[in-house]
Every structure is written in structure tokens, then in C-alpha cells.
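Source file final36.cif; content: mmCIF, C-alpha atoms.
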data_upload
#
loop_
_atom_site.group_PDB
_atom_site.id
_atom_site.type_symbol
_atom_site.label_atom_id
_atom_site.label_comp_id
_atom_site.auth_asym_id
_atom_site.auth_seq_id
_atom_site.Cartn_x
_atom_site.Cartn_y
_atom_site.Cartn_z
ATOM 1 C CA MET F 1 9.919 -151.734 -8.780
ATOM 2 C CA THR F 2 9.899 -151.572 -12.567
ATOM 3 C CA ASN F 3 12.939 -150.528 -14.583
ATOM 4 C CA LYS F 4 12.679 -146.879 -15.556
ATOM 5 C CA ASP F 5 15.457 -144.547 -16.629
ATOM 6 C CA ILE F 6 15.228 -140.770 -16.711
ATOM 7 C CA SER F 7 14.560 -139.334 -20.177
ATOM 8 C CA GLN F 8 15.874 -135.932 -21.243
ATOM 9 C CA ASP F 9 12.406 -134.431 -20.854
ATOM 10 C CA GLU F 10 12.082 -135.861 -17.341
ATOM 11 C CA ALA F 11 15.568 -134.642 -16.453
ATOM 12 C CA ALA F 12 14.450 -131.141 -17.367
ATOM 13 C CA ILE F 13 11.137 -131.418 -15.504
ATOM 14 C CA TYR F 14 12.677 -132.880 -12.354
ATOM 15 C CA ASP F 15 15.892 -130.856 -12.537
ATOM 16 C CA ARG F 16 15.413 -129.201 -9.155
ATOM 17 C CA GLN F 17 14.680 -132.535 -7.468
ATOM 18 C CA ILE F 18 17.671 -134.208 -9.125
ATOM 19 C CA ARG F 19 19.927 -131.433 -7.856
ATOM 20 C CA LEU F 20 18.358 -131.760 -4.417
ATOM 21 C CA TRP F 21 18.583 -135.527 -3.862
ATOM 22 C CA GLY F 22 20.495 -136.886 -6.868
ATOM 23 C CA LEU F 23 19.808 -138.728 -10.133
ATOM 24 C CA GLU F 24 19.822 -142.200 -8.583
ATOM 25 C CA ALA F 25 17.257 -141.130 -6.000
ATOM 26 C CA GLN F 26 15.008 -139.642 -8.700
ATOM 27 C CA GLN F 27 15.262 -142.878 -10.663
ATOM 28 C CA SER F 28 14.141 -144.804 -7.582
ATOM 29 C CA ILE F 29 11.224 -142.422 -7.136
ATOM 30 C CA GLY F 30 10.339 -142.850 -10.806
ATOM 31 C CA ARG F 31 10.103 -146.626 -10.406
ATOM 32 C CA ALA F 32 7.765 -146.563 -7.401
ATOM 33 C CA ASN F 33 4.213 -147.943 -7.530
ATOM 34 C CA ILE F 34 2.200 -146.701 -4.550
ATOM 35 C CA LEU F 35 -1.246 -147.506 -3.166
ATOM 36 C CA VAL F 36 -3.236 -144.698 -1.523
ATOM 37 C CA ALA F 37 -6.352 -146.057 0.182
ATOM 38 C CA GLY F 38 -8.985 -143.818 1.750
ATOM 39 C CA LEU F 39 -9.116 -140.455 0.002
ATOM 40 C CA ARG F 40 -9.435 -138.059 2.885
ATOM 41 C CA ALA F 41 -7.937 -134.565 2.705
ATOM 42 C CA VAL F 42 -4.597 -135.763 4.076
ATOM 43 C CA ALA F 43 -4.499 -138.579 1.497
ATOM 44 C CA SER F 44 -5.113 -136.119 -1.330
ATOM 45 C CA GLU F 45 -2.221 -133.988 -0.051
ATOM 46 C CA VAL F 46 0.083 -137.018 -0.042
ATOM 47 C CA ALA F 47 -1.072 -138.126 -3.492
ATOM 48 C CA LYS F 48 -0.526 -134.641 -4.934
ATOM 49 C CA ASN F 49 3.035 -134.416 -3.645
ATOM 50 C CA LEU F 50 3.984 -137.925 -4.772
ATOM 51 C CA VAL F 51 2.584 -137.385 -8.257
ATOM 52 C CA LEU F 52 4.471 -134.095 -8.568
ATOM 53 C CA ALA F 53 7.638 -135.877 -7.403
ATOM 54 C CA GLY F 54 7.361 -138.203 -10.413
ATOM 55 C CA ILE F 55 6.547 -141.679 -9.101
ATOM 56 C CA ASN F 56 5.758 -144.378 -11.677
ATOM 57 C CA SER F 57 2.158 -145.067 -10.685
ATOM 58 C CA ILE F 58 -0.389 -144.364 -7.981
ATOM 59 C CA THR F 59 -3.457 -146.493 -7.268
ATOM 60 C CA LEU F 60 -6.386 -144.694 -5.650
ATOM 61 C CA LEU F 61 -8.562 -147.083 -3.633
ATOM 62 C CA ASP F 62 -11.840 -145.863 -2.145
ATOM 63 C CA ASP F 63 -15.439 -147.109 -2.365
ATOM 64 C CA ALA F 64 -16.911 -144.003 -0.695
ATOM 65 C CA THR F 65 -18.898 -141.328 -2.502
ATOM 66 C CA VAL F 66 -18.123 -137.630 -2.390
ATOM 67 C CA THR F 67 -20.050 -135.576 0.174
ATOM 68 C CA LYS F 68 -20.452 -131.817 0.492
ATOM 69 C CA GLN F 69 -18.239 -131.998 3.585
ATOM 70 C CA ALA F 70 -15.490 -133.649 1.508
ATOM 71 C CA VAL F 71 -15.776 -130.941 -1.156
ATOM 72 C CA ASP F 72 -15.265 -128.282 1.518
ATOM 73 C CA SER F 73 -12.039 -129.913 2.755
ATOM 74 C CA GLN F 74 -10.383 -131.311 -0.396
ATOM 75 C CA PHE F 75 -8.957 -129.207 -3.209
ATOM 76 C CA PHE F 76 -9.408 -131.917 -5.878
ATOM 77 C CA LEU F 77 -13.186 -132.105 -5.364
ATOM 78 C CA GLN F 78 -15.892 -129.809 -6.720
ATOM 79 C CA ASP F 79 -19.647 -129.565 -6.171
ATOM 80 C CA GLU F 80 -20.294 -131.588 -9.322
ATOM 81 C CA HIS F 81 -18.498 -134.555 -7.745
ATOM 82 C CA VAL F 82 -21.031 -134.920 -4.912
ATOM 83 C CA GLY F 83 -22.555 -138.405 -5.045
ATOM 84 C CA LYS F 84 -19.780 -139.774 -7.279
ATOM 85 C CA ASN F 85 -16.992 -142.144 -6.271
ATOM 86 C CA LYS F 86 -14.086 -140.406 -4.514
ATOM 87 C CA ALA F 87 -11.275 -142.212 -6.331
ATOM 88 C CA GLU F 88 -12.845 -141.591 -9.724
ATOM 89 C CA SER F 89 -13.363 -137.926 -8.852
ATOM 90 C CA VAL F 90 -9.789 -137.274 -7.671
ATOM 91 C CA ALA F 91 -7.973 -139.145 -10.469
ATOM 92 C CA PRO F 92 -8.438 -136.622 -13.337
ATOM 93 C CA ALA F 93 -6.843 -133.783 -11.369
ATOM 94 C CA LEU F 94 -3.813 -135.933 -10.527
ATOM 95 C CA ARG F 95 -3.390 -136.871 -14.197
ATOM 96 C CA VAL F 96 -3.365 -133.181 -15.111
ATOM 97 C CA LEU F 97 -0.739 -132.441 -12.439
ATOM 98 C CA ASN F 98 1.694 -134.921 -13.984
ATOM 99 C CA PRO F 99 0.644 -136.817 -17.146
ATOM 100 C CA ARG F 100 3.761 -139.005 -16.871
ATOM 101 C CA VAL F 101 2.412 -140.729 -13.772
ATOM 102 C CA THR F 102 -0.015 -143.611 -14.247
ATOM 103 C CA VAL F 103 -3.114 -143.068 -12.110
ATOM 104 C CA VAL F 104 -5.166 -146.206 -11.444
ATOM 105 C CA VAL F 105 -8.672 -146.050 -9.944
ATOM 106 C CA ASP F 106 -10.125 -148.797 -7.761
ATOM 107 C CA SER F 107 -13.610 -148.134 -6.394
ATOM 108 C CA GLU F 108 -13.973 -151.369 -4.402
ATOM 109 C CA ASP F 109 -14.136 -151.714 -0.605
ATOM 110 C CA ILE F 110 -10.657 -152.172 0.864
ATOM 111 C CA HIS F 111 -12.048 -154.569 3.478
ATOM 112 C CA ALA F 112 -13.056 -156.974 0.703
ATOM 113 C CA LYS F 113 -9.609 -157.060 -0.867
ATOM 114 C CA PRO F 114 -7.704 -160.369 -0.596
ATOM 115 C CA ASP F 115 -4.285 -160.400 1.024
ATOM 116 C CA ASP F 116 -2.432 -160.692 -2.277
ATOM 117 C CA TYR F 117 -3.927 -157.393 -3.468
ATOM 118 C CA PHE F 118 -1.554 -155.494 -1.147
ATOM 119 C CA GLU F 119 1.583 -157.429 -2.076
ATOM 120 C CA PRO F 120 2.897 -155.936 -5.354
ATOM 121 C CA PHE F 121 2.999 -152.261 -4.360
ATOM 122 C CA ASP F 122 6.315 -150.715 -3.347
ATOM 123 C CA ILE F 123 4.555 -148.687 -0.631
ATOM 124 C CA VAL F 124 1.041 -149.012 0.796
ATOM 125 C CA CYS F 125 -0.647 -146.046 2.513
ATOM 126 C CA VAL F 126 -3.977 -146.453 4.331
ATOM 127 C CA PHE F 127 -5.863 -143.448 5.689
ATOM 128 C CA HIS F 128 -8.675 -142.980 8.223
ATOM 129 C CA SER F 129 -9.283 -146.662 8.725
ATOM 130 C CA ASP F 130 -10.201 -148.950 11.598
ATOM 131 C CA VAL F 131 -7.357 -150.528 13.509
ATOM 132 C CA GLN F 132 -8.408 -154.059 12.569
ATOM 133 C CA LEU F 133 -7.817 -153.314 8.889
ATOM 134 C CA LEU F 134 -4.612 -151.390 9.581
ATOM 135 C CA THR F 135 -3.065 -154.245 11.552
ATOM 136 C CA ARG F 136 -4.172 -156.769 8.918
ATOM 137 C CA VAL F 137 -2.620 -154.888 5.980
ATOM 138 C CA ASN F 138 0.468 -154.047 8.032
ATOM 139 C CA ALA F 139 0.964 -157.743 8.875
ATOM 140 C CA ILE F 140 0.796 -158.639 5.169
ATOM 141 C CA ARG F 141 3.357 -155.997 4.272
ATOM 142 C CA HIS F 142 5.617 -156.762 7.240
ATOM 143 C CA ALA F 143 5.825 -160.433 6.270
ATOM 144 C CA LEU F 144 6.974 -159.342 2.793
ATOM 145 C CA GLY F 145 9.490 -156.847 4.184
ATOM 146 C CA LYS F 146 7.735 -153.979 2.380
ATOM 147 C CA PRO F 147 6.862 -150.486 3.687
ATOM 148 C CA PHE F 148 3.457 -149.705 5.164
ATOM 149 C CA TYR F 149 2.007 -146.352 6.240
ATOM 150 C CA ALA F 150 -1.126 -145.468 8.183
ATOM 151 C CA ALA F 151 -2.175 -141.877 8.746
ATOM 152 C CA ASP F 152 -5.083 -139.640 9.623
ATOM 153 C CA THR F 153 -6.130 -136.161 10.647
ATOM 154 C CA PHE F 154 -9.328 -135.501 12.533
ATOM 155 C CA GLY F 155 -10.279 -132.452 14.514
ATOM 156 C CA TRP F 156 -7.041 -131.025 15.916
ATOM 157 C CA THR F 157 -5.205 -134.368 15.822
ATOM 158 C CA GLY F 158 -2.832 -135.772 13.236
ATOM 159 C CA TYR F 159 -0.669 -138.874 13.165
ATOM 160 C CA ILE F 160 1.518 -140.953 10.855
ATOM 161 C CA PHE F 161 2.578 -144.533 11.558
ATOM 162 C CA CYS F 162 5.175 -146.250 9.410
ATOM 163 C CA ASP F 163 6.569 -149.758 9.407
ATOM 164 C CA LEU F 164 9.559 -150.070 7.084
ATOM 165 C CA VAL F 165 10.520 -153.462 8.593
ATOM 166 C CA LYS F 166 14.262 -153.075 7.909
ATOM 167 C CA HIS F 167 15.378 -149.907 6.166
ATOM 168 C CA THR F 168 18.858 -149.120 4.888
ATOM 169 C CA TYR F 169 19.668 -145.472 4.346
ATOM 170 C CA ILE F 170 22.607 -143.186 3.657
ATOM 171 C CA GLU F 171 23.418 -140.354 6.023
ATOM 172 C CA GLU F 172 25.384 -137.399 4.706
ATOM 173 C CA LYS F 173 27.381 -135.029 6.901
ATOM 174 C CA LYS F 174 29.044 -131.834 5.750
ATOM 175 C CA GLN F 175 32.055 -130.305 7.451
ATOM 176 C CA ALA F 176 34.821 -127.864 6.674
ATOM 177 C CA ALA F 177 37.885 -129.338 4.971
ATOM 178 C CA GLY F 178 40.125 -128.099 7.780
ATOM 179 C CA ASN F 179 42.253 -125.783 5.686
ATOM 180 C CA LYS F 180 41.947 -122.083 4.964
ATOM 181 C CA SER F 181 39.741 -122.641 1.920
ATOM 182 C CA GLU F 182 35.963 -122.683 2.112
ATOM 183 C CA GLU F 183 35.848 -126.222 0.742
ATOM 184 C CA VAL F 184 33.230 -128.488 2.316
ATOM 185 C CA VAL F 185 33.817 -132.215 2.686
ATOM 186 C CA VAL F 186 30.794 -134.518 2.472
ATOM 187 C CA THR F 187 31.036 -137.853 4.245
ATOM 188 C CA ARG F 188 28.493 -140.614 3.649
ATOM 189 C CA SER F 189 27.734 -143.512 5.942
ATOM 190 C CA THR F 190 25.267 -146.381 5.585
ATOM 191 C CA HIS F 191 22.914 -147.255 8.421
ATOM 192 C CA GLU F 192 20.117 -149.728 9.070
ATOM 193 C CA ALA F 193 16.934 -149.091 11.058
ATOM 194 C CA LEU F 194 14.532 -151.741 12.336
ATOM 195 C CA TYR F 195 10.790 -151.167 12.691
ATOM 196 C CA GLU F 196 7.983 -152.870 14.568
ATOM 197 C CA PRO F 197 4.476 -153.509 13.202
ATOM 198 C CA LEU F 198 1.438 -151.622 14.455
ATOM 199 C CA SER F 199 0.150 -154.566 16.476
ATOM 200 C CA VAL F 200 3.346 -154.543 18.536
ATOM 201 C CA SER F 201 3.587 -150.765 18.782
ATOM 202 C CA LEU F 202 0.085 -150.489 20.242
ATOM 203 C CA GLU F 203 1.219 -152.671 23.156
ATOM 204 C CA LYS F 204 3.737 -150.010 24.183
ATOM 205 C CA ASN F 205 3.931 -149.650 27.965
ATOM 206 C CA TRP F 206 5.141 -146.317 29.347
ATOM 207 C CA SER F 207 5.743 -147.364 32.952
ATOM 208 C CA SER F 208 9.530 -147.031 32.631
ATOM 209 C CA LEU F 209 9.215 -143.248 32.213
ATOM 210 C CA SER F 210 8.443 -140.796 34.979
ATOM 211 C CA THR F 211 5.557 -138.371 34.645
ATOM 212 C CA LYS F 212 8.054 -135.559 34.131
ATOM 213 C CA LYS F 213 9.700 -137.391 31.213
ATOM 214 C CA LEU F 214 6.355 -138.373 29.728
ATOM 215 C CA LYS F 215 5.209 -134.751 29.676
ATOM 216 C CA LYS F 216 8.531 -133.598 28.252
ATOM 217 C CA ASN F 217 9.211 -136.333 25.695
ATOM 218 C CA VAL F 218 5.878 -137.837 24.656
ATOM 219 C CA SER F 219 3.110 -136.070 22.773
ATOM 220 C CA PRO F 220 -0.318 -136.423 24.416
ATOM 221 C CA MET F 221 -1.499 -137.447 20.946
ATOM 222 C CA ALA F 222 0.438 -140.686 21.403
ATOM 223 C CA PHE F 223 -1.786 -141.620 24.326
ATOM 224 C CA LEU F 224 -4.892 -140.440 22.465
ATOM 225 C CA ILE F 225 -4.244 -142.646 19.426
ATOM 226 C CA GLN F 226 -3.237 -145.598 21.584
ATOM 227 C CA ILE F 227 -6.479 -145.315 23.553
ATOM 228 C CA LEU F 228 -8.543 -144.874 20.368
ATOM 229 C CA PHE F 229 -7.108 -147.992 18.750
ATOM 230 C CA ARG F 230 -7.353 -150.059 21.919
ATOM 231 C CA TYR F 231 -10.967 -148.979 22.273
ATOM 232 C CA GLN F 232 -11.636 -150.158 18.719
ATOM 233 C CA LEU F 233 -9.971 -153.496 19.404
ATOM 234 C CA LYS F 234 -12.053 -153.952 22.544
ATOM 235 C CA THR F 235 -15.457 -152.856 21.198
ATOM 236 C CA ASN F 236 -15.046 -153.294 17.415
ATOM 237 C CA GLN F 237 -16.402 -149.769 16.869
ATOM 238 C CA LEU F 238 -15.554 -146.084 17.070
ATOM 239 C CA PRO F 239 -16.673 -144.248 20.210
ATOM 240 C CA THR F 240 -19.881 -142.230 19.954
ATOM 241 C CA ASP F 241 -20.094 -138.799 21.586
ATOM 242 C CA ALA F 242 -21.609 -140.408 24.685
ATOM 243 C CA GLN F 243 -18.861 -143.024 24.755
ATOM 244 C CA VAL F 244 -16.220 -140.310 24.433
ATOM 245 C CA ASP F 245 -17.679 -138.795 27.592
ATOM 246 C CA ASP F 246 -17.338 -142.203 29.235
ATOM 247 C CA LEU F 247 -13.708 -142.421 28.094
ATOM 248 C CA ILE F 248 -13.019 -139.099 29.777
ATOM 249 C CA LYS F 249 -14.586 -140.343 33.014
ATOM 250 C CA GLU F 250 -12.541 -143.547 32.759
ATOM 251 C CA LYS F 251 -9.357 -141.855 31.558
ATOM 252 C CA ASP F 252 -7.374 -143.034 34.584
ATOM 253 C CA ILE F 253 -8.205 -146.668 33.820
ATOM 254 C CA TRP F 254 -7.258 -146.419 30.144
ATOM 255 C CA LEU F 255 -3.984 -144.645 30.937
ATOM 256 C CA GLN F 256 -3.089 -147.110 33.670
ATOM 257 C CA ALA F 257 -3.445 -149.889 31.101
ATOM 258 C CA LEU F 258 -0.711 -148.077 29.151
ATOM 259 C CA GLY F 259 1.542 -147.900 32.210
ATOM 260 C CA VAL F 260 0.720 -144.241 32.903
ATOM 261 C CA ASN F 261 -0.316 -143.425 36.468
ATOM 262 C CA ASP F 262 -0.725 -139.661 36.166
ATOM 263 C CA ALA F 263 -3.815 -138.725 34.150
ATOM 264 C CA SER F 264 -2.583 -135.156 33.700
ATOM 265 C CA VAL F 265 -0.423 -136.295 30.748
ATOM 266 C CA LEU F 266 -3.611 -136.303 28.633
ATOM 267 C CA ASN F 267 -5.848 -133.258 28.766
ATOM 268 C CA ASP F 268 -9.598 -133.923 28.791
ATOM 269 C CA GLU F 269 -10.020 -131.479 25.914
ATOM 270 C CA ILE F 270 -7.713 -133.567 23.728
ATOM 271 C CA LEU F 271 -9.591 -136.753 24.598
ATOM 272 C CA LYS F 272 -12.850 -134.945 23.856
ATOM 273 C CA GLY F 273 -11.442 -134.400 20.362
ATOM 274 C CA LEU F 274 -12.347 -137.993 19.488
ATOM 275 C CA SER F 275 -15.877 -136.703 18.936
ATOM 276 C CA LEU F 276 -14.443 -134.860 15.896
ATOM 277 C CA TYR F 277 -13.268 -138.106 14.280
ATOM 278 C CA GLN F 278 -15.085 -137.422 10.993
ATOM 279 C CA THR F 279 -14.062 -133.742 10.876
ATOM 280 C CA GLU F 280 -11.244 -132.683 8.549
ATOM 281 C CA LEU F 281 -9.377 -129.401 8.990
ATOM 282 C CA VAL F 282 -7.546 -128.341 5.840
ATOM 283 C CA PRO F 283 -4.459 -126.809 7.541
ATOM 284 C CA LEU F 284 -3.824 -129.997 9.551
ATOM 285 C CA ALA F 285 -4.220 -132.163 6.467
ATOM 286 C CA ALA F 286 -1.720 -129.968 4.603
ATOM 287 C CA ILE F 287 0.865 -130.211 7.398
ATOM 288 C CA VAL F 288 0.580 -133.942 8.044
ATOM 289 C CA GLY F 289 0.220 -134.793 4.353
ATOM 290 C CA GLY F 290 3.270 -132.729 3.477
ATOM 291 C CA VAL F 291 5.353 -134.430 6.161
ATOM 292 C CA MET F 292 4.203 -137.886 5.090
ATOM 293 C CA ALA F 293 4.958 -137.326 1.406
ATOM 294 C CA GLN F 294 8.437 -136.104 2.297
ATOM 295 C CA GLU F 295 8.983 -139.167 4.491
ATOM 296 C CA ILE F 296 7.993 -141.452 1.615
ATOM 297 C CA ILE F 297 10.464 -139.633 -0.647
ATOM 298 C CA LYS F 298 13.135 -140.260 1.996
ATOM 299 C CA VAL F 299 12.355 -143.971 1.929
ATOM 300 C CA LEU F 300 12.391 -144.205 -1.859
ATOM 301 C CA SER F 301 15.637 -142.240 -2.140
ATOM 302 C CA ALA F 302 17.248 -144.014 0.857
ATOM 303 C CA LYS F 303 18.521 -140.631 2.040
ATOM 304 C CA GLU F 304 18.434 -139.816 5.751
ATOM 305 C CA LEU F 305 16.546 -141.616 8.516
ATOM 306 C CA PRO F 306 12.740 -141.578 8.176
ATOM 307 C CA ILE F 307 10.445 -141.397 11.200
ATOM 308 C CA GLN F 308 10.498 -144.342 13.592
ATOM 309 C CA ASN F 309 7.620 -145.338 13.906
ATOM 310 C CA TRP F 310 5.263 -142.464 14.792
ATOM 311 C CA PHE F 311 4.777 -138.810 13.934
ATOM 312 C CA PHE F 312 2.174 -136.766 15.822
ATOM 313 C CA TYR F 313 0.756 -133.317 15.203
ATOM 314 C CA ASN F 314 -0.971 -131.528 18.076
ATOM 315 C CA GLY F 315 -3.232 -128.875 16.611
ATOM 316 C CA TYR F 316 -4.022 -127.466 20.048
ATOM 317 C CA ASP F 317 -0.507 -126.095 20.464
ATOM 318 C CA GLY F 318 1.000 -126.569 16.978
ATOM 319 C CA LYS F 319 3.705 -128.970 18.179
ATOM 320 C CA THR F 320 4.997 -131.953 16.210
ATOM 321 C CA GLN F 321 6.812 -134.983 17.530
ATOM 322 C CA SER F 322 8.336 -138.183 16.219
ATOM 323 C CA ILE F 323 8.456 -141.210 18.503
ATOM 324 C CA GLY F 324 10.502 -144.332 17.794
ATOM 325 C CA GLU F 325 10.392 -147.777 19.277
ATOM 326 C CA GLU F 326 12.896 -148.342 22.029
#
Once more with this new file: its structure as C-alpha cells, please.
Amino acid sequence: MTNKDISQDEAAIYDRQIRLWGLEAQQSIGRANILVAGLRAVASEVAKNLVLAGINSITLLDDATVTKQAVDSQFFLQDEHVGKNKAESVAPALRVLNPRVTVVVDSEDIHAKPDDYFEPFDIVCVFHSDVQLLTRVNAIRHALGKPFYAADTFGWTGYIFCDLVKHTYIEEKKQAAGNKSEEVVVTRSTHEALYEPLSVSLEKNWSSLSTKKLKKNVSPMAFLIQILFRYQLKTNQLPTDAQVDDLIKEKDIWLQALGVNDASVLNDEILKGLSLYQTELVPLAAIVGGVMAQEIIKVLSAKELPIQNWFFYNGYDGKTQSIGEE
């Protein structure tokens, strides 16, 4: 991170945030340089919130062009952007939101980037990408001990994966002083959380949990994403509609490979949702993007425990769930 103190103007602009999480935390946020790769609707939501929070710089990486479908699902895009580069189209709106944040545009293909491209950023976020790229970038970041995020929303499904490697954070607890006054005593304790990379997390075996505990404690979206990524690793492609039908027929086999012997933990309708992989729903993007931006703020401010390692949103029933590595 670069050295950056809070000016009087910034103190006034970020006054509410400083009162919420403290001056030191805001200074840490103000030093952060973040990469956002893959400008889907959820990525735009994350970028908006981080820019408003006052980070130092954000790099937008995307070689894709704007489509009419993207315009319909992303608030930064207008009809005149159709056919233009996504990163170049989103950048001006972010600069208007907060002129103090440096917005860098990179319109190259992320797959062509060398390993050292991903090294200098304080946090790297990759959206709607194939698992081969996600595990590659995650491995680079993990070796450096730097945070990595992967996230996506498609159809009624949303997920966030984060690998913070080793994260130190401060936990605050408030309690009554114990006398007749209304004074509140705040105690602070320092903790450390360890994280596993995506390549390890995808090997998770659920055989130690009963079907009852799986249904109670594990989101069906966890199995969906695990199957999706394993399918990509096996076939080097996303499933077509016909192949999604095959996955449903072979659901027992895929779940058994995860250590799950009762196929009822994953509804066929949810698995069928893989056919909506390119479909973005604005409300889901807003929910997942809002959660992810807040989690990144937690990491930068070192306040409270962030998610470990997964967050899932189930749009079929509106439930959210965080799942950590055991």
C-alpha cells in the first residue's frame, strides 16, 4: 500500500465512515489499490461501493465489449456504450462518483496477463471466470500472502470465494460496565484466521456429515458451484443446455464424488440453473456485490472476521450462508 494520510477535505467527506470504523481504518482503505477483473453487474456493484468508500485506486480489467444485455443489467452502462469496451465504458461514471480515486482502465484479456501483473495489487477480485484462471490467479496471490476474491451471480445463484491466506483482525465486544451507570466498556482482542486456496477448497469432501446436517448446515449452492467447477476442470468448458440435462441425470455420481450419498441435498431445479450461466439478475448482483464490498472493507480495516472462505446466496429461497474450511 502507498502512504496516504487523510486531508481535512477527505475527513469531512468520509466523516460518517471514520466515525463508523475509525480514522486508522479509513487511512488503510485510502491506501488500497484494487483490481476488479470482469465487469459483470456484480463487479460494478463492488466497484461502486469501493470507490465511494475512498480507496486509493481501482483498476478495471476487461477485454469484452458492451452488449444490450449488459446495458439492461448494469447501471453504469447506457445504449451508447453498446459495442465499446466494458472497462472504458464503466470508468467515467466511477470517476464522477469519487474524483479522489484513481481509476485505471485495462482492456486486455486477463488470460494473456503474465503472473507478475497480479502481484502489486493489495486485493485482486475476479468475476465470472473459468475455474482454471481463478485457481491460477489465486495460486499467485496465495504464494505472496495477498488477498484474492472470486465471485459471480448467474440466474438465481450467487457466490463469493475469498482466500486471505493469513488474516489478522481485531474483534470488539461491548458490555455493560457492571455498575449502576449506563457506561459501556469496549474490549478489543486480536485474532488470526487461516485460509485455503480455491484449488484445495474444491476438493472438499462432505462424507463426515450426515444428510440431516448437510441439509441444515450447507447451502445447496455449495454443491452446485463445486460441481460446476469440477465439470470445468474435467471438460475444460462450461456445460451447454444439453450437458446440464446430462448433469441432472448423473447428479448422483457427481454428488457421490463429493462424499454426498443423498441426492436430495441438491434440487434438480437448482442444478438446472446452470443453463442461466450468462444471465444476470440485478437484485442478486446488488445483494452479492454489497456483501462482497463490505467484506473487502472488513479486510482493509482489519475489523471483525471476514467470511471463511465461501458466501452463497440462494435466490430460490432468499437465504444466505457463509461456509468456512474445517
Considering all atoms listed in the file, can you say which of F:Thr65, F:Asn261, F:Ser189, F:Asn309 comes closest to Tyr169 of chain F? F:Ser189
For Leu50 of chain F, which of F:Gly289, F:Gly315, F:Gly145, F:Gly158 is the closest residue, counting only C-alpha atoms?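 Ranked by minimum distance to Leu50 of chain F, first place goes to F:Gly289.
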Convert the output of the PyMOL selection byres ((chain F and resi 154) around 6) on the shown file into explicit residues, formatted as number ranges by chain. F: 153, 155, 157, 277, 279-280
Evaluate the PyMOL selection byres ((chain F and resi 47) around 9) against this structure - the residues, as a list of chain:residue names, please. F:Val36, F:Val42, F:Ala43, F:Ser44, F:Glu45, F:Val46, F:Lys48, F:Asn49, F:Leu50, F:Val51, F:Leu52, F:Ile58, F:Leu60, F:Leu94, F:Gly289, F:Ala293
Which residues come within 9 Å of Met221 of chain F, counting all atoms listed in the file, excluding same-chain residues fewer than 2 positions away, as a list in words? Thr157, Gly158, Tyr159, Val218, Ser219, Phe223, Leu224, Ile225, Gln226, Leu266, Ile270, Leu271, Phe312, Tyr313 and Asn314 of chain F
Print the selection's residues with C-alpha atoms to a file, as a tab-separated table (two decimals), in the frame of the given file.
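In the end it all went to selection_36.tsv:
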chain	number	residue	atom	x	y	z
F	157	THR	CA	-5.20	-134.37	15.82
F	158	GLY	CA	-2.83	-135.77	13.24
F	159	TYR	CA	-0.67	-138.87	13.16
F	218	VAL	CA	5.88	-137.84	24.66
F	219	SER	CA	3.11	-136.07	22.77
F	223	PHE	CA	-1.79	-141.62	24.33
F	224	LEU	CA	-4.89	-140.44	22.46
F	225	ILE	CA	-4.24	-142.65	19.43
F	226	GLN	CA	-3.24	-145.60	21.58
F	266	LEU	CA	-3.61	-136.30	28.63
F	270	ILE	CA	-7.71	-133.57	23.73
F	271	LEU	CA	-9.59	-136.75	24.60
F	312	PHE	CA	2.17	-136.77	15.82
F	313	TYR	CA	0.76	-133.32	15.20
F	314	ASN	CA	-0.97	-131.53	18.08
Which polymer residues have any atom within 8 Å of an atom of Leu202 of chain F, counting all atoms listed in the file, with same-chain residues fewer than 4 positions away left out, as a PDB file with C-alpha atoms, in the frame of the given file?
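To be explicit, this is the file written out as result-v2.pdb:
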ATOM      1  CA  LEU F 198       1.438-151.622  14.455  1.00  0.00           C
ATOM      2  CA  GLN F 226      -3.237-145.598  21.584  1.00  0.00           C
ATOM      3  CA  PHE F 229      -7.108-147.992  18.750  1.00  0.00           C
ATOM      4  CA  ARG F 230      -7.353-150.059  21.919  1.00  0.00           C
TER       5      ARG F 230
END
Residues selected by the PyMOL selection byres ((chain F and resi 85) around 10), written as a PyMOL selection string: chain F and resi 62-67+81-84+86-90+105-108
So which residues touch Leu305 of chain F within 9 Å, counting only C-alpha atoms, skipping near sequence neighbours fewer than 6 positions away, as a list in words?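 These residues fall inside the cut-off: His167, Thr168, Tyr169, Ile170, Glu171, His191, Glu192, Ala193, Glu295, Lys298 and Val299 of chain F.
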Name all residues at most 8 Å from segment 25-35 of chain F (count all atoms listed in the file; drop same-chain ones fewer than 5 positions away) and give them as a VMD selection string. chain F and resid 1 to 6 17 to 18 53 to 61 121 to 125 297 300 to 302
Using only C-alpha atoms, which protein or nucleic acid residues come within 12 Å of Leu133 of chain F? Drop anything in the same chain fewer than 6 positions from it, and give the result as a list in words.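 Returned residues: Ala37, Gly38, Asp109, Ile110, His111, Ala112, Lys113, Pro114, Asp115, Val126, Phe127, Ala139, Ile140, Ala150, Leu198, Ser199, Phe229, Gln232, Leu233 and Asn236 of chain F.
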List every protein, DNA or RNA residue that has an atom no more than 12 Å from (6.8, -161.4, 3.3) in the file's coordinate frame, counting all atoms listed in the file, and report them as a ChimeraX atom specification. /F:115-116,118-120,137-147,165
Distance in Å - atom CA of Thr135 of chain F versus atom CA of Leu238 of chain F: 15.9 Å
Which is closest to Gly22 of chain F among F:Val186, F:Arg95, F:Lys251, F:Lys303, if we use only C-alpha atoms? F:Lys303
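For the atom pair formed by atom CA of Asp252 of chain F and atom CA of Thr235 of chain F, the distance is 18.5 Å, given to one decimal.
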